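Below: the structure, in structure tokens.
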Amino acid sequence: MLITLEGIEGAGKSSQVEPAAGFVRAAGRACITTREPGATDLGRRIRRILLDPACTDMNPRAELLLYLADRVQHVEQVIRPALARGQVVICDRYVDATLAYQGAARGIAPQLIERLHAIVLDDWRPELTVLIDIPVEVGLARAWNAVHRGERNGDETRFENENRNFHERVRQGYLDLAAREPQRFRVIDGNRTPGEVARDLQAVIADRLHLPCPDGGGNR
Ligand code: TYD
């Protein structure tokens, strides 16, 4: 079972991944966590290029292909073997990030993105995607605070440097994807405490994996 977490900058996904995996393991299921871009040796090199704020003139299609290169390596080296072992995989960002960032925000046709995925990866859709939704101004303020506090690498701010409209398009792109595939997506309100978000996330995962529901959870 492949579960992906998505959201704009500062939505808080990254801090939710490990607690969610801990919840799955406590219920007796083997679970690994991973992320994009940069979960493999090759991917870490690609990530450095993709997030480098000095790379100001990257062509959007070149950017798309770098994310896809990272993904193919990641799927073949990490995700597919884990799924074959019967493990639950929780991945911080995946194909919907490409549809939201390179598609909705950069303007590449979603059909091209989907066709490329179909060519280089068979069966690439996750079974559950949780979108942690948050207003752009809240997310960007959190993301920049993390950079200023040194919790986030200042060499990885190429996307934070994009303007407010860019991030609004990413957010709307995600919400449109969620509306189009209500079976696969669950949307959680990220503008709350990490504990509240974690409880909703656990409830959504429990529902999909048929695990006992955590106390106080709820989803929409
Ligand atoms: P990362 O530091 O992992 O950010 P976050 O903690 O917000 O997940 O950086 C990943 C960046 O790459 C993020 O700005 C979103 C972007 N991205 C894409 O544009 N397309 C993609 O396909 C993926 C996976 C990420």
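Each chain in the structure tokens gets a letter, A, B and so on, in the order shown; residues start at 1 in every chain, and ligands are counted from 1 in the order they appear.
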- request: Per DSSP on the backbone, filter stretch 20-170 of chain A down to the residues in helix (DSSP H, G or I) and report them as a PyMOL selection string.
  value: chain A and resi 20-26+41-51+60-84+95-105+110-120+136-148+154-156+164-170
For chain A versus ligand 1, which residues have an atom no more than 7 Å away, and what is each residue's nearest atom pair and distance in Å rounded to one decimal, using only C-alpha atoms and all ligand atoms, chain-then-number order, as CSV?
```
residue,atom,partner,partner_atom_place_in_ligand_line,distance
A:Ile8,CA,ligand 1,7 (O),6.3
A:Glu9,CA,ligand 1,7 (O),4.3
A:Gly10,CA,ligand 1,7 (O),6.0
A:Ser14,CA,ligand 1,6 (O),5.6
A:Glu36,CA,ligand 1,24 (C),4.6
A:Pro37,CA,ligand 1,24 (C),5.2
A:Leu51,CA,ligand 1,11 (C),6.5
A:Tyr67,CA,ligand 1,22 (O),5.2
A:Asp92,CA,ligand 1,8 (O),6.5
A:Arg93,CA,ligand 1,24 (C),5.0
A:Tyr94,CA,ligand 1,24 (C),5.0
A:Val95,CA,ligand 1,22 (O),5.8
A:Asp96,CA,ligand 1,22 (O),7.0
A:Ala97,CA,ligand 1,21 (C),4.4
A:Thr98,CA,ligand 1,22 (O),3.4
A:Tyr101,CA,ligand 1,19 (O),4.6
A:Gln102,CA,ligand 1,19 (O),5.9
A:Glu156,CA,ligand 1,2 (O),6.5
A:Phe159,CA,ligand 1,14 (O),4.7
A:Glu160,CA,ligand 1,14 (O),6.7
```
Selected residues written out with N, CA and C atoms, as a PDB file, in the first residue's frame:
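The new file part.pdb reads:
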```pdb
ATOM      1  N   ILE A   8       1.391  22.380   0.040  1.00  0.00           N
ATOM      2  CA  ILE A   8       2.299  23.461  -0.367  1.00  0.00           C
ATOM      3  C   ILE A   8       3.437  23.593   0.644  1.00  0.00           C
ATOM      4  N   GLU A   9       4.364  24.507   0.363  1.00  0.00           N
ATOM      5  CA  GLU A   9       5.471  24.767   1.302  1.00  0.00           C
ATOM      6  C   GLU A   9       4.871  25.109   2.671  1.00  0.00           C
ATOM      7  N   GLY A  10       5.456  24.539   3.715  1.00  0.00           N
ATOM      8  CA  GLY A  10       5.032  24.890   5.066  1.00  0.00           C
ATOM      9  C   GLY A  10       3.725  24.267   5.508  1.00  0.00           C
ATOM     10  N   SER A  14       6.085  17.152   6.309  1.00  0.00           N
ATOM     11  CA  SER A  14       7.311  16.421   6.628  1.00  0.00           C
ATOM     12  C   SER A  14       7.354  15.998   8.098  1.00  0.00           C
ATOM     13  N   GLU A  36      10.304  12.569  -1.731  1.00  0.00           N
ATOM     14  CA  GLU A  36      10.808  13.061  -3.019  1.00  0.00           C
ATOM     15  C   GLU A  36      10.943  14.576  -2.943  1.00  0.00           C
ATOM     16  N   PRO A  37      11.921  15.157  -3.635  1.00  0.00           N
ATOM     17  CA  PRO A  37      13.003  14.450  -4.302  1.00  0.00           C
ATOM     18  C   PRO A  37      14.114  14.107  -3.328  1.00  0.00           C
ATOM     19  N   LEU A  51      16.622  22.162  -6.116  1.00  0.00           N
ATOM     20  CA  LEU A  51      16.233  23.115  -5.065  1.00  0.00           C
ATOM     21  C   LEU A  51      17.224  24.265  -4.907  1.00  0.00           C
ATOM     22  N   TYR A  67      12.578  15.819 -12.037  1.00  0.00           N
ATOM     23  CA  TYR A  67      11.721  15.190 -11.012  1.00  0.00           C
ATOM     24  C   TYR A  67      11.368  13.756 -11.402  1.00  0.00           C
ATOM     25  N   ASP A  92       6.592  11.244   1.365  1.00  0.00           N
ATOM     26  CA  ASP A  92       6.437  12.690   1.474  1.00  0.00           C
ATOM     27  C   ASP A  92       6.621  13.292   0.073  1.00  0.00           C
ATOM     28  N   ARG A  93       5.532  13.601  -0.590  1.00  0.00           N
ATOM     29  CA  ARG A  93       5.452  14.098  -1.980  1.00  0.00           C
ATOM     30  C   ARG A  93       5.660  12.966  -2.986  1.00  0.00           C
ATOM     31  N   TYR A  94       4.905  13.072  -4.084  1.00  0.00           N
ATOM     32  CA  TYR A  94       4.995  12.068  -5.163  1.00  0.00           C
ATOM     33  C   TYR A  94       4.368  12.671  -6.411  1.00  0.00           C
ATOM     34  N   VAL A  95       3.702  11.881  -7.239  1.00  0.00           N
ATOM     35  CA  VAL A  95       3.251  12.360  -8.559  1.00  0.00           C
ATOM     36  C   VAL A  95       2.356  13.597  -8.502  1.00  0.00           C
ATOM     37  N   ASP A  96       1.559  13.736  -7.452  1.00  0.00           N
ATOM     38  CA  ASP A  96       0.655  14.891  -7.412  1.00  0.00           C
ATOM     39  C   ASP A  96       1.424  16.194  -7.233  1.00  0.00           C
ATOM     40  N   ALA A  97       2.626  16.118  -6.627  1.00  0.00           N
ATOM     41  CA  ALA A  97       3.466  17.328  -6.540  1.00  0.00           C
ATOM     42  C   ALA A  97       3.861  17.771  -7.944  1.00  0.00           C
ATOM     43  N   THR A  98       4.155  16.808  -8.812  1.00  0.00           N
ATOM     44  CA  THR A  98       4.519  17.157 -10.188  1.00  0.00           C
ATOM     45  C   THR A  98       3.328  17.775 -10.913  1.00  0.00           C
ATOM     46  N   TYR A 101       2.909  21.361  -9.103  1.00  0.00           N
ATOM     47  CA  TYR A 101       3.994  22.351  -9.292  1.00  0.00           C
ATOM     48  C   TYR A 101       4.341  22.535 -10.774  1.00  0.00           C
ATOM     49  N   GLN A 102       4.683  21.427 -11.463  1.00  0.00           N
ATOM     50  CA  GLN A 102       5.088  21.574 -12.862  1.00  0.00           C
ATOM     51  C   GLN A 102       3.847  21.735 -13.756  1.00  0.00           C
ATOM     52  N   GLU A 156      18.218  25.344  -0.259  1.00  0.00           N
ATOM     53  CA  GLU A 156      17.128  24.591  -0.896  1.00  0.00           C
ATOM     54  C   GLU A 156      15.871  25.442  -1.024  1.00  0.00           C
ATOM     55  N   PHE A 159      12.062  27.036  -4.552  1.00  0.00           N
ATOM     56  CA  PHE A 159      10.600  27.139  -4.663  1.00  0.00           C
ATOM     57  C   PHE A 159      10.030  28.172  -3.689  1.00  0.00           C
ATOM     58  N   GLU A 160      10.624  28.286  -2.499  1.00  0.00           N
ATOM     59  CA  GLU A 160      10.150  29.317  -1.573  1.00  0.00           C
ATOM     60  C   GLU A 160      10.302  30.701  -2.208  1.00  0.00           C
TER      61      GLU A 160
END
```
task: Determine which residues of stretch 131-218 of chain A DSSP labels as strand (DSSP E) from the backbone of this structure, then write them out as a PyMOL selection string.
output: chain A and resi 131-133+185-189
Residue nearest A:Asp123 among A:Ala20, A:Ala141, A:Ala30, A:Val75 (counting only C-alpha atoms): A:Val75
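The gap separating atom CA of A:Glu18 from atom CA of A:Asp70 is 21.7 Å, in Å to one decimal.
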query: Within 8 Å of A:Leu5, counting only C-alpha atoms, which residues qualify if same-chain residues fewer than 6 places away don't, as a ChimeraX atom specification?
result: /A:13,17,90-94,129-132
Keeping only N, CA, C and O atoms, write the selected residues to a file as a PDB file, in the first residue's frame.
```pdb
ATOM      1  N   LYS A  13       3.702  18.676   6.215  1.00  0.00           N
ATOM      2  CA  LYS A  13       3.699  17.232   5.916  1.00  0.00           C
ATOM      3  C   LYS A  13       4.898  16.527   6.491  1.00  0.00           C
ATOM      4  O   LYS A  13       4.775  15.452   7.049  1.00  0.00           O
ATOM      5  N   VAL A  17       5.199  12.649   8.799  1.00  0.00           N
ATOM      6  CA  VAL A  17       5.480  11.357   8.185  1.00  0.00           C
ATOM      7  C   VAL A  17       5.858  10.302   9.231  1.00  0.00           C
ATOM      8  O   VAL A  17       5.291   9.200   9.254  1.00  0.00           O
ATOM      9  N   ILE A  90       4.986   5.127   3.217  1.00  0.00           N
ATOM     10  CA  ILE A  90       4.455   6.495   3.350  1.00  0.00           C
ATOM     11  C   ILE A  90       5.472   7.437   2.728  1.00  0.00           C
ATOM     12  O   ILE A  90       6.616   7.529   3.185  1.00  0.00           O
ATOM     13  N   CYS A  91       5.059   8.129   1.674  1.00  0.00           N
ATOM     14  CA  CYS A  91       5.991   8.946   0.892  1.00  0.00           C
ATOM     15  C   CYS A  91       5.607  10.425   0.977  1.00  0.00           C
ATOM     16  O   CYS A  91       4.467  10.798   0.714  1.00  0.00           O
ATOM     17  N   ASP A  92       6.592  11.244   1.365  1.00  0.00           N
ATOM     18  CA  ASP A  92       6.437  12.690   1.474  1.00  0.00           C
ATOM     19  C   ASP A  92       6.621  13.292   0.073  1.00  0.00           C
ATOM     20  O   ASP A  92       7.739  13.378  -0.403  1.00  0.00           O
ATOM     21  N   ARG A  93       5.532  13.601  -0.590  1.00  0.00           N
ATOM     22  CA  ARG A  93       5.452  14.098  -1.980  1.00  0.00           C
ATOM     23  C   ARG A  93       5.660  12.966  -2.986  1.00  0.00           C
ATOM     24  O   ARG A  93       6.509  12.104  -2.811  1.00  0.00           O
ATOM     25  N   TYR A  94       4.905  13.072  -4.084  1.00  0.00           N
ATOM     26  CA  TYR A  94       4.995  12.068  -5.163  1.00  0.00           C
ATOM     27  C   TYR A  94       4.368  12.671  -6.411  1.00  0.00           C
ATOM     28  O   TYR A  94       4.472  13.891  -6.621  1.00  0.00           O
ATOM     29  N   THR A 129      -3.860   9.307  -1.048  1.00  0.00           N
ATOM     30  CA  THR A 129      -3.089  10.556  -1.027  1.00  0.00           C
ATOM     31  C   THR A 129      -3.760  11.507  -0.052  1.00  0.00           C
ATOM     32  O   THR A 129      -4.960  11.786  -0.178  1.00  0.00           O
ATOM     33  N   VAL A 130      -2.993  11.962   0.936  1.00  0.00           N
ATOM     34  CA  VAL A 130      -3.531  12.896   1.921  1.00  0.00           C
ATOM     35  C   VAL A 130      -2.968  14.277   1.614  1.00  0.00           C
ATOM     36  O   VAL A 130      -1.749  14.478   1.609  1.00  0.00           O
ATOM     37  N   LEU A 131      -3.872  15.201   1.328  1.00  0.00           N
ATOM     38  CA  LEU A 131      -3.482  16.585   1.065  1.00  0.00           C
ATOM     39  C   LEU A 131      -3.659  17.374   2.356  1.00  0.00           C
ATOM     40  O   LEU A 131      -4.772  17.458   2.887  1.00  0.00           O
ATOM     41  N   ILE A 132      -2.542  17.916   2.862  1.00  0.00           N
ATOM     42  CA  ILE A 132      -2.625  18.790   4.035  1.00  0.00           C
ATOM     43  C   ILE A 132      -2.742  20.212   3.485  1.00  0.00           C
ATOM     44  O   ILE A 132      -1.789  20.755   2.935  1.00  0.00           O
TER      45      ILE A 132
END
```
Please provide as a short mmCIF file (atom, residue, chain, number, x, y, z; two decimals) with N, CA and C atoms, in the first residue's frame all residues within 8 Å of A:Cys213, with the sequence filter that same-chain residues fewer than 4 positions apart are discarded (counting only C-alpha atoms).
```cif
data_model
loop_
_atom_site.label_atom_id
_atom_site.label_comp_id
_atom_site.auth_asym_id
_atom_site.auth_seq_id
_atom_site.Cartn_x
_atom_site.Cartn_y
_atom_site.Cartn_z
N GLN A 202 -4.00 10.02 11.17
CA GLN A 202 -4.11 8.64 11.66
C GLN A 202 -5.48 8.06 11.35
N ALA A 203 -6.50 8.88 11.52
CA ALA A 203 -7.87 8.39 11.28
C ALA A 203 -8.06 8.00 9.81
N ALA A 206 -6.04 4.82 9.20
CA ALA A 206 -6.71 3.68 9.86
C ALA A 206 -7.88 3.21 9.01
N ASP A 207 -8.62 4.16 8.49
CA ASP A 207 -9.78 3.84 7.67
C ASP A 207 -9.35 3.05 6.43
N GLY A 217 -9.95 10.89 16.52
CA GLY A 217 -9.68 11.18 15.11
C GLY A 217 -10.95 11.55 14.37
#
```
- prompt: Do you know which residues are at most 9 Å from A:Val138 counting only C-alpha atoms, after dropping those on the same chain fewer than 3 positions away, and could you put them as a list in words?
  reply: Gly10, Ala11, Ile134, Pro135, Ala141, Arg142, Ala143 and Asn191 of chain A
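Residues with any atom within 10 Å of A:Gln111, counting only C-alpha atoms and excluding same-chain neighbours fewer than 6 positions away, are Leu99, Gly103 and His117 of chain A.
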field: d(atom CA of A:Glu6, atom CA of A:Arg61) in Å
entry: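 That distance, rounded to one decimal, is 21.3 Å.
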